[in-house]
Number of protein chains: 2
Amino acid sequence: MKIKMVSRILEANDRIALENRKKFNEADVFVINLMSAPGAGKTSLIEQTIKTLRNNLRIGIIEGDIAGTDDAQRIEGLGIPVIQINTGSACHLDANMINDIIDDFPIKDLDLLIVENVGNLVCPAEFKIGEDMKCMILSVAEGDDKPLKYPLMFRESSALILNKIDLLPHIETDIEKIKRDSLSLNPSLQIFGVSCKTGKGLAQWTEWLQAAVKK
Amino acid sequence: MKIKMVSRILEANDRIALENRKKFNEADVFVINLMSAPGAGKTSLIEQTIKTLRNNLRIGIIEGDIAGTDDAQRIEGLGIPVIQINTGSACHLDANMINDIIDDFPIKDLDLLIVENVGNLVCPAEFKIGEDMKCMILSVAEGDDKPLKYPLMFRESSALILNKIDLLPHIETDIEKIKRDSLSLNPSLQIFGVSCKTGKGLAQWTEWLQAAVKK
């Protein structure tokens with residue numbers, strides 16, 4: 001019974017995601033659904049990406065959070081169009097939440113729309129929102145056992161950004177194990193090791209992203 | 001419509017949680033529902049807690065994960081009774097999952113049962129499983145904005161364990177802000193700063209826990 005409801009919810013979600021996708025295509029905007037566990041560095045990566053690519057691409061951001069507007073305020077401080085979605089208790093964004101605000105957002109004036117999902121390594125991967133691709137961040141401080149414990153997000157993502165590599169000397173995480181296990185789940189996954197704090201590795205990410213948007 | 005379904009699910013869950021609670025009370029076992037985001041250190045805290053308290057308390061563990069048995073194997077290596085629950089796609093444990101295995105577990109021979117929930121800072125806090133108390137871990141590497149962004153778990157927990165304090169010199173997290181914001185959500189919250197890696201701060205946690213179990 002419960003499973004049936006979930007499957008009906010997912011079917012309904014997919015229909016709305018297709019509508020969103022059509023609107024995004026008409027506006028010629030590339031849409032990324034950016035996912036991670038809480039505190040892996042989604043907002044930091046978005047800030048760094050904006051700083052590097054804002055002269056080349058017109059960027060907009062949708063911020064998803066259970067509560068609060070901290071992240072949207074950080075982005076707004078950069079002078080970038082941003083909308084905050086507060087989900088209340090929902091642990092993920094769904095297509096309908098995006099559909100509700102899509103017409104209030106200047107998507108026709110954008111090349112790249114990054115949607116920052118709620119911090120959660122599980123459910124966001126199940127709900128399409130009409131994106132061109134999903135990307136995920138894993139903080140290396142979370143440990144090297146995450147791909148095999150939370151496989152769906154690793155399978156669904158086009159890129160995996162391993163953040164906080166500046167902490168590697170202070171922790172026991174085996175970054176090669178993360179890469180190996182992630183690729184075993186998803187052989188075409190693009191993997192970037194970065195530190196949003198020091199800037200290390202970010203150029204490879206932003207170059208790859210810019211190429212994907214312009215394709 | 002969607003909200004109605006969720007509320008029916010929660011009502012049904014609460015009924016089963018009460019059944020579980022009754023069985024736990026009859027067995028005279030104290031039950032903790034241990035929650036956190038992925039990689040905050042739930043299994044490490046459980047390992048350290050077992051090592052310190054195993055001579056004073058008879059301890060058993062239920063391990064909840066989407067997939068895999070890594071954590072249960074770590075606990076089994078310590079010679080402690082453990083059952084693994086793999087939720088498949090569910091992002092949290094619910095009362096029914098616990099009810100399904102409760103009769104296969106030697107709860108009458110235990111003083112303390114720790115249930116390690118799925119790594120998720122959102123949904124586990126919504127689902128009672130029949131526990132005496134909820135405890136949560138926050139890795140300080142996740143940042144100091146988490147209480148206000150994920151308030152429910154902070155509100156529902158009796159204790160907050162701030163783990164990985166050995167990393168504080170290498171990150172920008174303001175631990176006093178975490179404490180302040182957490183207490184604003186939940187003034188009776190017990191807060192412990194610990195490092196499962198170095199052992200710092202763990203004695204305060206295990207002493208408090210032992211007192212709670214024996215009360």
# chains A, B, ... in the order shown; residues from 1 in each chain; ligands from 1
>>> residues_around(residues="Glu172 of chain A", least_positions_apart="2", cutoff="10 Å", atoms="only C-alpha atoms", output="PyMOL selection string")
(chain A and resi 140-141+143-144+167-170+174-175) or (chain B and resi 197)
>>> write_last_selection(atoms="C-alpha atoms", output="PDB file, in the first residue's frame")
ATOM      1  CA  VAL A 140      35.687  13.839   2.180  1.00  0.00           C
ATOM      2  CA  ALA A 141      35.087  14.401   5.926  1.00  0.00           C
ATOM      3  CA  GLY A 143      34.230   9.112   5.055  1.00  0.00           C
ATOM      4  CA  ASP A 144      34.954   6.681   2.241  1.00  0.00           C
ATOM      5  CA  LEU A 167      41.146  18.190   5.267  1.00  0.00           C
ATOM      6  CA  LEU A 168      42.636  14.953   3.860  1.00  0.00           C
ATOM      7  CA  PRO A 169      45.855  15.204   5.935  1.00  0.00           C
ATOM      8  CA  HIS A 170      43.750  15.349   9.111  1.00  0.00           C
ATOM      9  CA  ASP A 174      40.668   6.914   1.464  1.00  0.00           C
ATOM     10  CA  ILE A 175      39.778   9.082  -1.538  1.00  0.00           C
TER      11      ILE A 175
ATOM     12  CA  LYS B 197      39.191   9.724  16.875  1.00  0.00           C
TER      13      LYS B 197
END
>>> residues_around(residues="Ile66 of chain B", least_positions_apart="4", cutoff="8 Å", atoms="only C-alpha atoms", output="number ranges by chain")
A: 149-150; B: 86-91, 118
>>> interface_residues(of="chain A", to="chain B", cutoff="9 Å", atoms="only C-alpha atoms", output="JSON, numbers by chain")
{"A": [2, 5, 9, 37, 38, 39, 40, 41, 65, 66, 67, 68, 69, 70, 89, 90, 91, 119, 120, 121, 122, 123, 139, 141, 142, 143, 144, 145, 146, 148, 149, 150, 151, 152, 166, 167, 170, 171]}
>>> select_by_dssp(residues="segment 97-126 of chain A", states="helix (DSSP H, G or I)", output="list of chain:residue names")
A:Met97, A:Ile98, A:Asn99, A:Asp100, A:Ile101, A:Ile102, A:Ile107, A:Lys108, A:Asp109, A:Cys123, A:Pro124, A:Ala125, A:Glu126
>>> residues_around(residues="Val82 of chain B", least_positions_apart="3", cutoff="7 Å", atoms="only C-alpha atoms", output="list in words")
Gly60, Ile61, Ile62, Ala72, Ile75 and Glu76 of chain B
>>> write_last_selection(atoms="N, CA, C and O atoms", output="compact mmCIF listing (two decimals), in the first residue's frame")
# COMPACT_ATOMS: atom_id res chain seq x y z
N GLY B 60 23.09 -3.90 23.11
CA GLY B 60 22.80 -4.47 21.79
C GLY B 60 22.58 -3.35 20.80
O GLY B 60 22.27 -2.21 21.19
N ILE B 61 22.77 -3.66 19.51
CA ILE B 61 22.72 -2.62 18.47
C ILE B 61 21.81 -3.06 17.32
O ILE B 61 21.85 -4.22 16.89
N ILE B 62 20.98 -2.13 16.83
CA ILE B 62 20.28 -2.33 15.56
C ILE B 62 20.86 -1.32 14.58
O ILE B 62 20.91 -0.12 14.87
N ALA B 72 27.26 -3.05 10.64
CA ALA B 72 26.92 -4.20 11.48
C ALA B 72 28.15 -5.08 11.67
O ALA B 72 28.38 -5.62 12.76
N ILE B 75 30.38 -3.65 14.34
CA ILE B 75 29.86 -3.91 15.69
C ILE B 75 30.02 -5.38 16.07
O ILE B 75 30.41 -5.71 17.19
N GLU B 76 29.73 -6.27 15.11
CA GLU B 76 29.85 -7.70 15.37
C GLU B 76 31.27 -8.06 15.79
O GLU B 76 31.49 -8.93 16.62
>>> decode(residues="segment 27-68 of chain B", atoms="N, CA and C atoms", output="CSV table (one decimal), in the first residue's frame")
chain,number,residue,atom,x,y,z
B,27,ALA,N,10.8,-5.7,28.7
B,27,ALA,CA,12.1,-6.3,28.7
B,27,ALA,C,13.1,-5.5,29.6
B,28,ASP,N,12.6,-4.3,30.1
B,28,ASP,CA,13.4,-3.5,30.9
B,28,ASP,C,14.7,-3.1,30.2
B,29,VAL,N,14.6,-2.7,28.9
B,29,VAL,CA,15.8,-2.2,28.2
B,29,VAL,C,15.6,-0.8,27.8
B,30,PHE,N,16.6,0.0,27.9
B,30,PHE,CA,16.6,1.4,27.6
B,30,PHE,C,17.0,1.6,26.1
B,31,VAL,N,16.2,2.3,25.3
B,31,VAL,CA,16.4,2.3,23.9
B,31,VAL,C,16.7,3.7,23.4
B,32,ILE,N,17.8,3.9,22.7
B,32,ILE,CA,18.2,5.1,22.1
B,32,ILE,C,18.0,5.1,20.6
B,33,ASN,N,17.4,6.1,20.0
B,33,ASN,CA,17.3,6.2,18.5
B,33,ASN,C,18.4,7.3,18.1
B,34,LEU,N,19.5,6.8,17.5
B,34,LEU,CA,20.7,7.6,17.3
B,34,LEU,C,20.7,8.1,15.8
B,35,MET,N,20.6,9.4,15.6
B,35,MET,CA,20.4,10.0,14.3
B,35,MET,C,21.5,10.9,14.0
B,36,SER,N,21.8,11.1,12.7
B,36,SER,CA,22.7,12.1,12.2
B,36,SER,C,22.7,12.2,10.7
B,37,ALA,N,23.3,13.1,10.1
B,37,ALA,CA,23.6,13.1,8.7
B,37,ALA,C,24.6,12.0,8.3
B,38,PRO,N,24.7,11.7,7.0
B,38,PRO,CA,25.7,10.6,6.7
B,38,PRO,C,27.1,11.1,7.1
B,39,GLY,N,27.9,10.1,7.7
B,39,GLY,CA,29.3,10.4,7.9
B,39,GLY,C,29.6,11.3,9.1
B,40,ALA,N,28.6,11.5,10.0
B,40,ALA,CA,28.9,12.3,11.2
B,40,ALA,C,29.6,11.5,12.3
B,41,GLY,N,29.5,10.1,12.2
B,41,GLY,CA,30.2,9.3,13.1
B,41,GLY,C,29.3,8.5,14.1
B,42,LYS,N,28.1,8.1,13.6
B,42,LYS,CA,27.2,7.3,14.4
B,42,LYS,C,27.9,6.0,14.8
B,43,THR,N,28.4,5.3,13.9
B,43,THR,CA,29.0,3.9,14.2
B,43,THR,C,30.3,4.1,15.1
B,44,SER,N,31.1,5.1,14.8
B,44,SER,CA,32.2,5.4,15.6
B,44,SER,C,31.8,5.7,17.1
B,45,LEU,N,30.8,6.5,17.2
B,45,LEU,CA,30.4,6.8,18.6
B,45,LEU,C,29.8,5.5,19.3
B,46,ILE,N,29.1,4.7,18.5
B,46,ILE,CA,28.6,3.4,19.1
B,46,ILE,C,29.8,2.5,19.5
B,47,GLU,N,30.8,2.4,18.7
B,47,GLU,CA,32.0,1.6,19.0
B,47,GLU,C,32.6,2.1,20.3
B,48,GLN,N,32.8,3.4,20.4
B,48,GLN,CA,33.5,4.0,21.6
B,48,GLN,C,32.6,3.8,22.8
B,49,THR,N,31.3,3.9,22.7
B,49,THR,CA,30.4,3.8,23.8
B,49,THR,C,30.4,2.3,24.3
B,50,ILE,N,30.4,1.4,23.3
B,50,ILE,CA,30.5,0.0,23.7
B,50,ILE,C,31.8,-0.3,24.5
B,51,LYS,N,32.9,0.2,24.0
B,51,LYS,CA,34.2,-0.1,24.7
B,51,LYS,C,34.2,0.4,26.1
B,52,THR,N,33.6,1.6,26.3
B,52,THR,CA,33.6,2.2,27.7
B,52,THR,C,32.6,1.5,28.6
B,53,LEU,N,31.4,1.2,28.1
B,53,LEU,CA,30.3,0.8,28.9
B,53,LEU,C,30.0,-0.7,29.0
B,54,ARG,N,30.7,-1.5,28.2
B,54,ARG,CA,30.3,-2.9,28.1
B,54,ARG,C,30.5,-3.7,29.4
B,55,ASN,N,31.4,-3.2,30.3
B,55,ASN,CA,31.5,-3.9,31.5
B,55,ASN,C,30.4,-3.5,32.5
B,56,ASN,N,29.8,-2.4,32.3
B,56,ASN,CA,28.7,-2.0,33.2
B,56,ASN,C,27.3,-2.2,32.7
B,57,LEU,N,27.1,-2.3,31.3
B,57,LEU,CA,25.8,-2.4,30.8
B,57,LEU,C,25.9,-3.5,29.7
B,58,ARG,N,24.7,-4.3,29.6
B,58,ARG,CA,24.6,-5.3,28.5
B,58,ARG,C,24.0,-4.5,27.3
B,59,ILE,N,24.8,-4.4,26.2
B,59,ILE,CA,24.4,-3.5,25.1
B,59,ILE,C,24.1,-4.3,23.9
B,60,GLY,N,23.1,-3.9,23.1
B,60,GLY,CA,22.8,-4.5,21.8
B,60,GLY,C,22.6,-3.3,20.8
B,61,ILE,N,22.8,-3.7,19.5
B,61,ILE,CA,22.7,-2.6,18.5
B,61,ILE,C,21.8,-3.1,17.3
B,62,ILE,N,21.0,-2.1,16.8
B,62,ILE,CA,20.3,-2.3,15.6
B,62,ILE,C,20.9,-1.3,14.6
B,63,GLU,N,21.3,-1.8,13.4
B,63,GLU,CA,22.0,-1.0,12.4
B,63,GLU,C,21.0,-0.7,11.3
B,64,GLY,N,20.7,0.5,11.0
B,64,GLY,CA,19.8,0.9,9.9
B,64,GLY,C,20.6,1.5,8.7
B,65,ASP,N,20.5,0.9,7.6
B,65,ASP,CA,21.2,1.5,6.4
B,65,ASP,C,20.3,1.3,5.2
B,66,ILE,N,20.5,2.1,4.2
B,66,ILE,CA,19.8,1.9,2.9
B,66,ILE,C,20.3,0.6,2.3
B,67,ALA,N,21.6,0.4,2.3
B,67,ALA,CA,22.2,-0.8,1.7
B,67,ALA,C,23.5,-1.1,2.4
B,68,GLY,N,24.0,-2.3,2.4
B,68,GLY,CA,25.3,-2.7,2.9
B,68,GLY,C,25.2,-3.2,4.3
